[in-house]
Structure formats: C-alpha cells, structure tokens
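Beneath this line is the structure, given in structure tokens, with notes to follow.
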Amino acid sequence: MKKIIAALILLCASCALAFSQGEYEVMYVTASDGLRVRSEPSLGAKKIDTLAFGEYVLVAKKGEVVTIDGITAPWVKIVVGDESEESYRDKNGWVFGGYLSKNEQNLGNAGEFIKSYLKRSKKYFFHSPYFPSERGTVYLRNEGDWENAGNKKDARYTCSLGNLCQGDNSGSLPKRGEAVTIRDCMYYMPPLAASLVGVIGIIPAGTEIQIVHHGEYGIKDGTLFPIYSFEYKDKKTGYVIGGDVRGIDIISKSDASSVSDGNGGKYTLYSQRALKGITFAEYGFSKSKVDEVLDGYMTYEMAGLKNGWKIVESLLYDEQGRCYKINLDTSGWLSLQHPLNMKNPVLFLQKYLFSGGQGGGAIAHVLYTVEVSGGKANLRKAFSYEYLSTDGGPDGIAYHYFTRDGAVVYIYQEECGQVTENTQLIYMQQNNPYSFTRKGEKRGEPQGKSQSFTLKQYANTICRLKMRRTPSLSAEKFGTLDAGTLVKIMEIGDKATIDGITSNWVLINPVHTGVFNIDDGVAAAVWVFGGYLE
C-alpha cells in the first residue's frame, strides 16, 4: 500500500481517472516532435501541455474540422485527468486530431525515444496502455497472448535472461532481488482502481531497484526476458516508485562493476548474461515450462558449471556518463580494473571463465586493455593465465597484480603432492600504453621488498595481506585483502622489519571495494605492512 500511495502522489495526473474507457475513443499521438494541448480548440489558445510521440490519449469529443499543416481533421477534446477533481481540470484540453491515430505507434529505439522525450518535455512519465511497441520486441502477457505470438517472427528466442528473484536452495518462495538499470529505461505502472490509463515512467541508468517477482515476458532480438514487479525510492522526491520493469533493461548488481578513475569519477561496466539452454526450439510457447525452469536454482547451478551462460550485452560508461558497447562474445563473467598504481594507468576488462563440475575444474582469466576512441571501446588482449583447482586431483591458485610498469602473474600448481608449477610471469607496458609484452619469468612466489611510501599513493597487494586494527603484528586481525587489490595510502606509520623486509606500516583504503559500490578514500581504513605492496 505504501508503494501505491507514494506512486499515486508522484503520478497523480495519470492515476486518478474515474471513467469507463468504453465512453472514450483510444488514440495515439503521431507527431514526432510532440503534440501541443491547448485550453480551447484554436491555435491561438493557451498551450497547457505537450504530449509525446506515441502517447496514449482518450478522446472525449470532436469539434470543428480545420486544415493545419495541409492536414484536414477535427479539433478533439482529450481526457488527461478526472474532470470531477478540481486540481486536474487544467490537464484536459484540445488537440488537433490530424496528429492522432487509432493505431499504437512504434517507438523505434527506446533509448533514442527517451532521450528525445526528456529533451522536449522534461517529464518523467506519460500515458500508455502497456509497454510501447519497439522494433524487434514482442510482449507476452499471459498464456493466451504467448501462444498467439506464435505467428510473429519476432517471437522466436535463442536464449533467456535469468530470473533475478528465483527461489533459494530450500525451495522457499521467490526472494527479492537487487538490480540496477543498465540504461535510461521505461517502467510501466498499470491502471489502479478505477483509473483508465497506465503510466510509462523513465528510470535513469545506474539506478538501484528492488525486484519483487516476475510474471509476464517479452522477447527482444531473440532474447527472452522476464517482466518484473519492482520498487525503488526516488532520491529527489523521497517517494517509493513501483510498477513493472523489463528484464532487458536491468541486471543483477553482481553483474555490475565500477572502478575509480582517480579523479573523483568512475568507470562502470554492465554485463547482461543469458542462459544459452533456454530456446524456442526447446520450450516453444510454453510459458509454464519456462516459468518452471527460470524459477529453479539448479538451472543457474548447472549453467555456472557447464558454461551455460552467454553475454548478450555489455555497456561501459565513462566518467562523463558516455556509453560504449563492449563487443566480446563470451560465456564468462566480466569485470573492470583500473590500476592507478601504474605510471601510465589504463582501463582493463577482465574475463573469468570456469569449466568443470561440482568437484572443481579449470579456471581461466583473460585481461584486455580498453581504449575509448572515436565513440568506440577498443579491446586489446594484454595477458591471460589459467590453473586447475579440483577435489582430490590437481590443485592450485593463480592471480595477478599490477606494478608501476606492467603486471605480474603468479601461478602455483600441484598434483599428487608434487609442485608442478611455481612461477611468476612478468608483463611490461609498451610505448603504446594499451599494449603489453611478456618480458620474462621468475621461479617462486612474489616476494616483498623494503620500501617507503607517500601519502595518497596508490598500490597493489602482491599477495593475500592481513588487515589489522592498529599498526602491529600483535594487533587484532579482522580480514584479508585479496592479492591484486588496489589500495590508497591514507597515513604512514612507523617503520618495522618483518621477514627481513623493512618498510612502514600504512593505513590504507581499498579503492574498489565491491562489485557495484565504489569507495575511494571512503571505506573504513585499515593497517597493513607496506612491504607487501607494489
């Protein structure tokens, strides 16, 4: 109820209608630049609103037939609010009927439409009977509509986005999911109570939302996706907004990655993964079968073990909010790294791949430099490595960290109690900072070194490093930083000699502390021994 009340307050103009739709003719705006609403049926009358292209209106009555822009049609009175409510009377008005059609309008590219719509109207919602049509998209609202879509060429699908709020391992009711919008996108708020029209609203890219459940489906360009019930708290108004959002426009927070640019901004990557095993050839138009497979957690367990995922879209946003498509065909997971401890830092895209079973398997990492140029994000492979980690068989670890001039990859592998590999591979950055070349290798694990630091300096951990409350080996330990973690020096403590290495204790902040949330000098500072930083 709280969600509905808050949304009603924000969107009152669209949700307070108390008419029967049968009394009115439903029409759509065809004017590409929008259609002006006037107080009277005259070009000289006061302009009281502008309707967006594709917007849904109710025609109350028709007036005088006139010719405008070479088109002959009547003036029509439209209903946008409840005439019984004094506060909504100024929302009713007259429009020229030559720019209205009985046919729902195809909005084309949703992103372009949203950008154009906000530029024209500055409003974040408009009226619609459902999600507007869009090239390559079919909406499947119930079992009957699903089957009727069989005659449409766009209703074939080759993969499916997962259900972001599927049940947990105990088989309990679906859980709430945390998601983030990957682009400026639309949401739909169905008509409430006696309302006639629903609302299409716009959510900015990067907005975190809570998804409650899914019911309906859509298909866009061969990808099947759930349509979710969602809610989020608008930061500007404080209202809780609710409605339906398309799965094609959101991802799980765990599939988003943000890194600091070192200047108070950030780079953000949104990777949308789909299940390869859910296809039209396998499930056809059986909504119940698709519901069952997407609601079961084993679907996702098996996909993770058997390379059952594929990336259908990856979007990179830079510090100015510009968006770039990442073209990388993979079944792995993607994340960003930006090693600010390098002399010439560049952005990296890391691909993680796993193949095996519940007892372990092969793990591979591939790192690409990302160069943004000419409106495109160009990838160049920098280095890669892999290792085996299994139960009762070959076992090992591998990781990388960045240095001032390049990167070091450490690989440790053993089998039957015998060490088969214990090597550091050294890669150096070339004159072109986006190009890396292997320059040699060393035996053994990375070793610390005696060194000093400056305030605000960035560094990488060269191994797993214990965090302490105070700068002392006897101080409380409360966690371990993974190898390759980027940190920022916030305070320099006393010198100490540990393991034959002389360096300062340093108070550090992890710079990239989470998959989506980012902290640069904000996270709780901790002490580490500086001899194992690079």
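Order determines the names: the first chain of the structure tokens is A, the second B, and so forth; residues in each chain are numbered 1 upward, and ligands are numbered 1 upward as they are shown.
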
- Using the chain letters and numbers from this document, which residues of segment 125-374 of chain A does DSSP assign to alpha helix (DSSP H), as a PyMOL selection string? chain A and resi 143-148+280-283+287-295+297-305

Write a file of the selected residues as a PDB file, in the first residue's frame, keeping N, CA and C atoms.
```pdb
ATOM      1  N   GLU A 143      -0.732 -16.690 -20.816  1.00  0.00           N
ATOM      2  CA  GLU A 143      -0.600 -17.907 -21.628  1.00  0.00           C
ATOM      3  C   GLU A 143      -1.232 -17.742 -23.002  1.00  0.00           C
ATOM      4  N   GLY A 144      -2.391 -17.105 -23.058  1.00  0.00           N
ATOM      5  CA  GLY A 144      -3.066 -16.918 -24.338  1.00  0.00           C
ATOM      6  C   GLY A 144      -2.290 -16.020 -25.286  1.00  0.00           C
ATOM      7  N   ASP A 145      -1.824 -14.887 -24.784  1.00  0.00           N
ATOM      8  CA  ASP A 145      -1.047 -13.975 -25.618  1.00  0.00           C
ATOM      9  C   ASP A 145       0.251 -14.631 -26.077  1.00  0.00           C
ATOM     10  N   TRP A 146       0.840 -15.425 -25.183  1.00  0.00           N
ATOM     11  CA  TRP A 146       2.079 -16.130 -25.507  1.00  0.00           C
ATOM     12  C   TRP A 146       1.855 -17.017 -26.737  1.00  0.00           C
ATOM     13  N   GLU A 147       0.781 -17.806 -26.721  1.00  0.00           N
ATOM     14  CA  GLU A 147       0.516 -18.712 -27.831  1.00  0.00           C
ATOM     15  C   GLU A 147       0.170 -17.946 -29.101  1.00  0.00           C
ATOM     16  N   ASN A 148      -0.571 -16.852 -28.967  1.00  0.00           N
ATOM     17  CA  ASN A 148      -0.941 -16.067 -30.143  1.00  0.00           C
ATOM     18  C   ASN A 148       0.260 -15.418 -30.803  1.00  0.00           C
ATOM     19  N   PHE A 280      13.664 -21.281 -28.123  1.00  0.00           N
ATOM     20  CA  PHE A 280      12.344 -21.556 -28.683  1.00  0.00           C
ATOM     21  C   PHE A 280      12.248 -23.013 -29.133  1.00  0.00           C
ATOM     22  N   ALA A 281      13.341 -23.563 -29.687  1.00  0.00           N
ATOM     23  CA  ALA A 281      13.334 -24.948 -30.151  1.00  0.00           C
ATOM     24  C   ALA A 281      13.074 -25.912 -28.999  1.00  0.00           C
ATOM     25  N   GLU A 282      13.512 -25.543 -27.780  1.00  0.00           N
ATOM     26  CA  GLU A 282      13.357 -26.414 -26.617  1.00  0.00           C
ATOM     27  C   GLU A 282      12.025 -26.218 -25.905  1.00  0.00           C
ATOM     28  N   TYR A 283      11.580 -24.969 -25.766  1.00  0.00           N
ATOM     29  CA  TYR A 283      10.413 -24.674 -24.936  1.00  0.00           C
ATOM     30  C   TYR A 283       9.222 -24.092 -25.698  1.00  0.00           C
ATOM     31  N   LYS A 287       4.663 -21.097 -21.604  1.00  0.00           N
ATOM     32  CA  LYS A 287       5.015 -20.177 -20.518  1.00  0.00           C
ATOM     33  C   LYS A 287       5.233 -20.935 -19.216  1.00  0.00           C
ATOM     34  N   SER A 288       4.417 -21.946 -18.964  1.00  0.00           N
ATOM     35  CA  SER A 288       4.537 -22.683 -17.701  1.00  0.00           C
ATOM     36  C   SER A 288       5.877 -23.417 -17.617  1.00  0.00           C
ATOM     37  N   LYS A 289       6.348 -23.962 -18.733  1.00  0.00           N
ATOM     38  CA  LYS A 289       7.640 -24.659 -18.721  1.00  0.00           C
ATOM     39  C   LYS A 289       8.788 -23.674 -18.507  1.00  0.00           C
ATOM     40  N   VAL A 290       8.709 -22.508 -19.142  1.00  0.00           N
ATOM     41  CA  VAL A 290       9.758 -21.510 -18.955  1.00  0.00           C
ATOM     42  C   VAL A 290       9.731 -20.994 -17.519  1.00  0.00           C
ATOM     43  N   ASP A 291       8.523 -20.762 -16.970  1.00  0.00           N
ATOM     44  CA  ASP A 291       8.405 -20.350 -15.564  1.00  0.00           C
ATOM     45  C   ASP A 291       9.127 -21.336 -14.655  1.00  0.00           C
ATOM     46  N   GLU A 292       8.876 -22.612 -14.875  1.00  0.00           N
ATOM     47  CA  GLU A 292       9.429 -23.644 -14.007  1.00  0.00           C
ATOM     48  C   GLU A 292      10.952 -23.655 -14.058  1.00  0.00           C
ATOM     49  N   VAL A 293      11.528 -23.588 -15.253  1.00  0.00           N
ATOM     50  CA  VAL A 293      12.983 -23.682 -15.353  1.00  0.00           C
ATOM     51  C   VAL A 293      13.658 -22.416 -14.841  1.00  0.00           C
ATOM     52  N   LEU A 294      13.064 -21.238 -15.046  1.00  0.00           N
ATOM     53  CA  LEU A 294      13.680 -19.999 -14.567  1.00  0.00           C
ATOM     54  C   LEU A 294      13.519 -19.815 -13.066  1.00  0.00           C
ATOM     55  N   ASP A 295      12.536 -20.476 -12.465  1.00  0.00           N
ATOM     56  CA  ASP A 295      12.314 -20.343 -11.028  1.00  0.00           C
ATOM     57  C   ASP A 295      13.197 -21.290 -10.211  1.00  0.00           C
ATOM     58  N   TYR A 297      16.640 -22.932  -8.801  1.00  0.00           N
ATOM     59  CA  TYR A 297      18.033 -22.522  -8.608  1.00  0.00           C
ATOM     60  C   TYR A 297      19.012 -23.457  -9.312  1.00  0.00           C
ATOM     61  N   MET A 298      18.617 -24.740  -9.545  1.00  0.00           N
ATOM     62  CA  MET A 298      19.519 -25.679 -10.207  1.00  0.00           C
ATOM     63  C   MET A 298      19.811 -25.268 -11.646  1.00  0.00           C
ATOM     64  N   THR A 299      18.908 -24.535 -12.258  1.00  0.00           N
ATOM     65  CA  THR A 299      19.160 -24.021 -13.608  1.00  0.00           C
ATOM     66  C   THR A 299      20.437 -23.197 -13.631  1.00  0.00           C
ATOM     67  N   TYR A 300      20.623 -22.403 -12.607  1.00  0.00           N
ATOM     68  CA  TYR A 300      21.758 -21.499 -12.550  1.00  0.00           C
ATOM     69  C   TYR A 300      23.017 -22.216 -12.051  1.00  0.00           C
ATOM     70  N   GLU A 301      22.833 -23.215 -11.163  1.00  0.00           N
ATOM     71  CA  GLU A 301      23.963 -24.023 -10.718  1.00  0.00           C
ATOM     72  C   GLU A 301      24.592 -24.733 -11.915  1.00  0.00           C
ATOM     73  N   MET A 302      23.758 -25.353 -12.734  1.00  0.00           N
ATOM     74  CA  MET A 302      24.266 -26.115 -13.866  1.00  0.00           C
ATOM     75  C   MET A 302      24.846 -25.201 -14.939  1.00  0.00           C
ATOM     76  N   ALA A 303      24.236 -24.058 -15.141  1.00  0.00           N
ATOM     77  CA  ALA A 303      24.762 -23.119 -16.139  1.00  0.00           C
ATOM     78  C   ALA A 303      26.159 -22.657 -15.746  1.00  0.00           C
ATOM     79  N   GLY A 304      26.374 -22.426 -14.444  1.00  0.00           N
ATOM     80  CA  GLY A 304      27.680 -21.998 -13.982  1.00  0.00           C
ATOM     81  C   GLY A 304      28.735 -23.076 -14.126  1.00  0.00           C
ATOM     82  N   LEU A 305      28.328 -24.341 -14.011  1.00  0.00           N
ATOM     83  CA  LEU A 305      29.273 -25.443 -14.100  1.00  0.00           C
ATOM     84  C   LEU A 305      29.580 -25.852 -15.533  1.00  0.00           C
TER      85      LEU A 305
END
```

Spatial neighbours of segment 388-399 of chain A, max dist 8 Å, only C-alpha atoms, sep filter under 3 positions, as a PDB file with all heavy atoms, in the first residue's frame:
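File produced: selection-v6.pdb:
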```pdb
ATOM      1  N   GLY A 359      33.099 -30.761  -8.424  1.00  0.00           N
ATOM      2  CA  GLY A 359      34.363 -31.079  -7.784  1.00  0.00           C
ATOM      3  C   GLY A 359      35.506 -30.180  -8.211  1.00  0.00           C
ATOM      4  O   GLY A 359      36.662 -30.424  -7.859  1.00  0.00           O
ATOM      5  N   GLY A 360      35.195 -29.132  -8.953  1.00  0.00           N
ATOM      6  CA  GLY A 360      36.216 -28.206  -9.405  1.00  0.00           C
ATOM      7  C   GLY A 360      36.481 -28.347 -10.887  1.00  0.00           C
ATOM      8  O   GLY A 360      35.791 -29.088 -11.603  1.00  0.00           O
ATOM      9  N   GLY A 361      37.494 -27.618 -11.375  1.00  0.00           N
ATOM     10  CA  GLY A 361      37.796 -27.666 -12.791  1.00  0.00           C
ATOM     11  C   GLY A 361      38.837 -26.639 -13.174  1.00  0.00           C
ATOM     12  O   GLY A 361      39.658 -26.221 -12.348  1.00  0.00           O
ATOM     13  N   ALA A 362      38.786 -26.239 -14.426  1.00  0.00           N
ATOM     14  CA  ALA A 362      39.759 -25.281 -14.961  1.00  0.00           C
ATOM     15  C   ALA A 362      39.225 -23.861 -14.826  1.00  0.00           C
ATOM     16  O   ALA A 362      38.057 -23.595 -15.112  1.00  0.00           O
ATOM     17  CB  ALA A 362      40.038 -25.592 -16.429  1.00  0.00           C
ATOM     18  N   ILE A 363      40.096 -22.968 -14.377  1.00  0.00           N
ATOM     19  CA  ILE A 363      39.738 -21.559 -14.194  1.00  0.00           C
ATOM     20  C   ILE A 363      40.690 -20.725 -15.042  1.00  0.00           C
ATOM     21  O   ILE A 363      41.909 -20.894 -14.972  1.00  0.00           O
ATOM     22  CB  ILE A 363      39.845 -21.149 -12.715  1.00  0.00           C
ATOM     23  CG1 ILE A 363      38.869 -21.986 -11.873  1.00  0.00           C
ATOM     24  CG2 ILE A 363      39.561 -19.657 -12.549  1.00  0.00           C
ATOM     25  CD1 ILE A 363      39.111 -21.885 -10.390  1.00  0.00           C
ATOM     26  N   TYR A 385      45.946 -16.228 -18.143  1.00  0.00           N
ATOM     27  CA  TYR A 385      46.514 -17.336 -17.380  1.00  0.00           C
ATOM     28  C   TYR A 385      45.392 -18.248 -16.929  1.00  0.00           C
ATOM     29  O   TYR A 385      44.214 -17.855 -16.909  1.00  0.00           O
ATOM     30  CB  TYR A 385      47.319 -16.845 -16.181  1.00  0.00           C
ATOM     31  CG  TYR A 385      46.552 -15.948 -15.213  1.00  0.00           C
ATOM     32  CD1 TYR A 385      45.943 -16.483 -14.079  1.00  0.00           C
ATOM     33  CD2 TYR A 385      46.465 -14.576 -15.427  1.00  0.00           C
ATOM     34  CE1 TYR A 385      45.263 -15.674 -13.182  1.00  0.00           C
ATOM     35  CE2 TYR A 385      45.791 -13.762 -14.542  1.00  0.00           C
ATOM     36  CZ  TYR A 385      45.196 -14.309 -13.415  1.00  0.00           C
ATOM     37  OH  TYR A 385      44.526 -13.496 -12.540  1.00  0.00           O
ATOM     38  N   VAL A 409      51.980 -12.062 -13.116  1.00  0.00           N
ATOM     39  CA  VAL A 409      51.043 -13.176 -12.946  1.00  0.00           C
ATOM     40  C   VAL A 409      51.752 -14.260 -12.145  1.00  0.00           C
ATOM     41  O   VAL A 409      52.872 -14.668 -12.499  1.00  0.00           O
ATOM     42  CB  VAL A 409      50.593 -13.740 -14.308  1.00  0.00           C
ATOM     43  CG1 VAL A 409      49.773 -15.020 -14.099  1.00  0.00           C
ATOM     44  CG2 VAL A 409      49.761 -12.714 -15.071  1.00  0.00           C
ATOM     45  N   TYR A 410      51.115 -14.712 -11.066  1.00  0.00           N
ATOM     46  CA  TYR A 410      51.682 -15.796 -10.275  1.00  0.00           C
ATOM     47  C   TYR A 410      50.806 -17.029 -10.418  1.00  0.00           C
ATOM     48  O   TYR A 410      49.585 -16.968 -10.235  1.00  0.00           O
ATOM     49  CB  TYR A 410      51.786 -15.406  -8.804  1.00  0.00           C
ATOM     50  CG  TYR A 410      52.246 -16.542  -7.917  1.00  0.00           C
ATOM     51  CD1 TYR A 410      53.474 -17.152  -8.145  1.00  0.00           C
ATOM     52  CD2 TYR A 410      51.461 -17.009  -6.876  1.00  0.00           C
ATOM     53  CE1 TYR A 410      53.911 -18.206  -7.351  1.00  0.00           C
ATOM     54  CE2 TYR A 410      51.887 -18.043  -6.066  1.00  0.00           C
ATOM     55  CZ  TYR A 410      53.111 -18.644  -6.311  1.00  0.00           C
ATOM     56  OH  TYR A 410      53.543 -19.682  -5.520  1.00  0.00           O
ATOM     57  N   ILE A 411      51.451 -18.167 -10.755  1.00  0.00           N
ATOM     58  CA  ILE A 411      50.738 -19.434 -10.931  1.00  0.00           C
ATOM     59  C   ILE A 411      51.399 -20.490 -10.060  1.00  0.00           C
ATOM     60  O   ILE A 411      52.614 -20.711 -10.152  1.00  0.00           O
ATOM     61  CB  ILE A 411      50.754 -19.899 -12.405  1.00  0.00           C
ATOM     62  CG1 ILE A 411      50.189 -18.818 -13.325  1.00  0.00           C
ATOM     63  CG2 ILE A 411      49.955 -21.195 -12.563  1.00  0.00           C
ATOM     64  CD1 ILE A 411      50.327 -19.134 -14.805  1.00  0.00           C
ATOM     65  N   TYR A 412      50.580 -21.145  -9.222  1.00  0.00           N
ATOM     66  CA  TYR A 412      51.063 -22.254  -8.398  1.00  0.00           C
ATOM     67  C   TYR A 412      50.166 -23.455  -8.666  1.00  0.00           C
ATOM     68  O   TYR A 412      48.936 -23.355  -8.572  1.00  0.00           O
ATOM     69  CB  TYR A 412      51.023 -21.898  -6.913  1.00  0.00           C
ATOM     70  CG  TYR A 412      51.428 -23.033  -6.006  1.00  0.00           C
ATOM     71  CD1 TYR A 412      52.773 -23.239  -5.691  1.00  0.00           C
ATOM     72  CD2 TYR A 412      50.486 -23.909  -5.490  1.00  0.00           C
ATOM     73  CE1 TYR A 412      53.159 -24.284  -4.866  1.00  0.00           C
ATOM     74  CE2 TYR A 412      50.851 -24.961  -4.671  1.00  0.00           C
ATOM     75  CZ  TYR A 412      52.194 -25.151  -4.364  1.00  0.00           C
ATOM     76  OH  TYR A 412      52.565 -26.188  -3.551  1.00  0.00           O
ATOM     77  N   GLN A 413      50.808 -24.585  -9.023  1.00  0.00           N
ATOM     78  CA  GLN A 413      50.030 -25.777  -9.354  1.00  0.00           C
ATOM     79  C   GLN A 413      50.720 -26.993  -8.741  1.00  0.00           C
ATOM     80  O   GLN A 413      51.955 -27.124  -8.786  1.00  0.00           O
ATOM     81  CB  GLN A 413      49.960 -25.949 -10.877  1.00  0.00           C
ATOM     82  CG  GLN A 413      48.937 -26.968 -11.339  1.00  0.00           C
ATOM     83  CD  GLN A 413      47.521 -26.453 -11.252  1.00  0.00           C
ATOM     84  OE1 GLN A 413      47.176 -25.452 -11.844  1.00  0.00           O
ATOM     85  NE2 GLN A 413      46.680 -27.153 -10.498  1.00  0.00           N
ATOM     86  N   GLU A 414      49.927 -27.883  -8.147  1.00  0.00           N
ATOM     87  CA  GLU A 414      50.479 -29.132  -7.624  1.00  0.00           C
ATOM     88  C   GLU A 414      49.568 -30.287  -7.976  1.00  0.00           C
ATOM     89  O   GLU A 414      48.364 -30.115  -8.201  1.00  0.00           O
ATOM     90  CB  GLU A 414      50.687 -29.059  -6.114  1.00  0.00           C
ATOM     91  CG  GLU A 414      49.423 -28.913  -5.299  1.00  0.00           C
ATOM     92  CD  GLU A 414      49.704 -28.934  -3.807  1.00  0.00           C
ATOM     93  OE1 GLU A 414      50.736 -28.397  -3.373  1.00  0.00           O
ATOM     94  OE2 GLU A 414      48.850 -29.499  -3.087  1.00  0.00           O
ATOM     95  N   GLU A 415      50.170 -31.507  -8.013  1.00  0.00           N
ATOM     96  CA  GLU A 415      49.413 -32.718  -8.320  1.00  0.00           C
ATOM     97  C   GLU A 415      50.045 -33.885  -7.591  1.00  0.00           C
ATOM     98  O   GLU A 415      51.273 -34.063  -7.640  1.00  0.00           O
ATOM     99  CB  GLU A 415      49.403 -32.971  -9.835  1.00  0.00           C
ATOM    100  CG  GLU A 415      48.507 -34.108 -10.249  1.00  0.00           C
ATOM    101  CD  GLU A 415      48.340 -34.214 -11.754  1.00  0.00           C
ATOM    102  OE1 GLU A 415      48.929 -33.379 -12.475  1.00  0.00           O
ATOM    103  OE2 GLU A 415      47.615 -35.115 -12.195  1.00  0.00           O
ATOM    104  N   CYS A 416      49.233 -34.641  -6.888  1.00  0.00           N
ATOM    105  CA  CYS A 416      49.709 -35.792  -6.096  1.00  0.00           C
ATOM    106  C   CYS A 416      50.809 -35.384  -5.119  1.00  0.00           C
ATOM    107  O   CYS A 416      51.805 -36.101  -4.918  1.00  0.00           O
ATOM    108  CB  CYS A 416      50.219 -36.903  -7.022  1.00  0.00           C
ATOM    109  SG  CYS A 416      48.963 -37.557  -8.151  1.00  0.00           S
ATOM    110  N   ALA A 483      45.011 -10.785  -3.148  1.00  0.00           N
ATOM    111  CA  ALA A 483      46.134 -10.339  -3.964  1.00  0.00           C
ATOM    112  C   ALA A 483      45.603  -9.526  -5.140  1.00  0.00           C
ATOM    113  O   ALA A 483      44.572  -9.852  -5.729  1.00  0.00           O
ATOM    114  CB  ALA A 483      46.924 -11.543  -4.470  1.00  0.00           C
ATOM    115  N   GLY A 484      46.308  -8.448  -5.473  1.00  0.00           N
ATOM    116  CA  GLY A 484      45.897  -7.607  -6.592  1.00  0.00           C
ATOM    117  C   GLY A 484      44.895  -6.533  -6.227  1.00  0.00           C
ATOM    118  O   GLY A 484      44.392  -5.837  -7.110  1.00  0.00           O
TER     119      GLY A 484
END
```

- Task: Within 8 Å of Thr30 of chain A, counting only C-alpha atoms, which residues show up once you throw out same-chain ones fewer than 2 positions away? Write them as a PyMOL selection string, please.
- Result: chain A and resi 28+32+34+53-54+99-101+105

- Task: Measuring atom to atom with only C-alpha atoms, identify which of A:Gly448, A:Gly262, A:Gly242, A:Gly222 is nearest to Thr158 of chain A.
- Result: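 Of all the options, A:Gly222 lies closest to Thr158 of chain A.
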
- Task: Skip Gln210 of chain A itself and residues of its chain fewer than 3 positions away, then list as a PyMOL selection string all residues within 10 Å of it, counting only C-alpha atoms.
- Result: chain A and resi 165+176-180+213+228-233+242

Output file for the residues above (C-alpha atoms, as a PDB file, in the first residue's frame):
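The new file selection.pdb reads:
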```pdb
ATOM      1  CA  CYS A 165      14.418 -13.276  -7.838  1.00  0.00           C
ATOM      2  CA  ARG A 176      13.556 -10.160  -3.513  1.00  0.00           C
ATOM      3  CA  GLY A 177      16.352  -9.326  -5.890  1.00  0.00           C
ATOM      4  CA  GLU A 178      18.710  -6.370  -6.084  1.00  0.00           C
ATOM      5  CA  ALA A 179      19.130  -4.994  -9.575  1.00  0.00           C
ATOM      6  CA  VAL A 180      20.455  -1.949 -11.382  1.00  0.00           C
ATOM      7  CA  HIS A 213       8.559 -11.106  -8.665  1.00  0.00           C
ATOM      8  CA  TYR A 228       9.280  -7.766 -13.130  1.00  0.00           C
ATOM      9  CA  SER A 229       7.310  -6.026 -10.454  1.00  0.00           C
ATOM     10  CA  PHE A 230       9.748  -3.598  -8.835  1.00  0.00           C
ATOM     11  CA  GLU A 231      10.117  -0.651  -6.489  1.00  0.00           C
ATOM     12  CA  TYR A 232      12.742   1.954  -5.657  1.00  0.00           C
ATOM     13  CA  LYS A 233      12.995   5.134  -3.668  1.00  0.00           C
ATOM     14  CA  GLY A 242       6.594   0.953  -8.142  1.00  0.00           C
TER      15      GLY A 242
END
```
